Amino acid sequence: MKRQTAEQEVPAPSEKEALEEEKIQLAKEIGIWGTFNPVEGYEASHQSRRIEEIDKRLTEIVNR
């Protein structure tokens, strides 16, 4: 599957790339990306649990 842009067709991101992008976005939401300034209770947040799931899947992908 490809995404269209005004200038050219861009390949859809791989599963690994999509997971990495999601992980970064979630980490930014809870303040643990870039500078470490976490929101209170971030460890118990939905974002933190999802990051753990993403990490497990990325490990599976990388270790194929």
# chains A, B, ... in the order shown; residues from 1 in each chain; ligands from 1

call {"tool": "residues_around", "arguments": {"residues": "segment 17-19 of chain A", "least_positions_apart": "5", "cutoff": "10 Å", "atoms": "only C-alpha atoms", "output": "tab-separated table (two decimals) with C-alpha atoms, in the first residue's frame"}}
result
chain	number	residue	atom	x	y	z
A	12	ALA	CA	3.47	3.06	3.42
A	24	ILE	CA	7.70	8.28	20.10
A	25	GLN	CA	4.32	10.00	20.08
A	51	ILE	CA	4.91	1.45	24.94
A	53	GLU	CA	3.55	-3.72	24.12
A	54	ILE	CA	5.30	-1.92	21.27
A	55	ASP	CA	8.72	-2.78	22.73
A	57	ARG	CA	6.62	-6.42	19.23
A	58	LEU	CA	9.70	-4.51	18.06

call {"tool": "select_by_dssp", "arguments": {"residues": "chain A", "states": "alpha helix (DSSP H)", "output": "NGL selection string"}}
result
:A and (15-29 or 46-62)

call {"tool": "write_last_selection", "arguments": {"atoms": "C-alpha atoms", "output": "compact mmCIF listing (two decimals), in the first residue's frame"}}
result
# COMPACT_ATOMS: atom_id res chain seq x y z
CA GLU A 15 5.21 -2.23 10.75
CA LYS A 16 8.49 -1.43 12.50
CA GLU A 17 8.45 2.20 11.35
CA ALA A 18 4.80 2.62 12.33
CA LEU A 19 5.44 1.18 15.80
CA GLU A 20 8.47 3.40 16.29
CA GLU A 21 6.46 6.49 15.33
CA GLU A 22 3.64 5.50 17.71
CA LYS A 23 6.11 4.86 20.52
CA ILE A 24 7.70 8.28 20.10
CA GLN A 25 4.32 10.00 20.08
CA LEU A 26 3.20 8.17 23.23
CA ALA A 27 6.49 8.92 24.99
CA LYS A 28 6.13 12.62 24.17
CA GLU A 29 2.59 12.60 25.61
CA HIS A 46 -2.29 3.71 29.09
CA GLN A 47 0.58 5.21 27.09
CA SER A 48 3.19 3.48 29.22
CA ARG A 49 1.46 0.11 28.90
CA ARG A 50 1.20 0.57 25.13
CA ILE A 51 4.91 1.45 24.94
CA GLU A 52 5.68 -1.85 26.69
CA GLU A 53 3.55 -3.72 24.12
CA ILE A 54 5.30 -1.92 21.27
CA ASP A 55 8.72 -2.78 22.73
CA LYS A 56 7.78 -6.47 22.86
CA ARG A 57 6.62 -6.42 19.23
CA LEU A 58 9.70 -4.51 18.06
CA THR A 59 11.88 -7.12 19.75
CA GLU A 60 10.03 -9.85 17.85
CA ILE A 61 10.45 -8.00 14.56
CA VAL A 62 14.17 -7.30 15.06
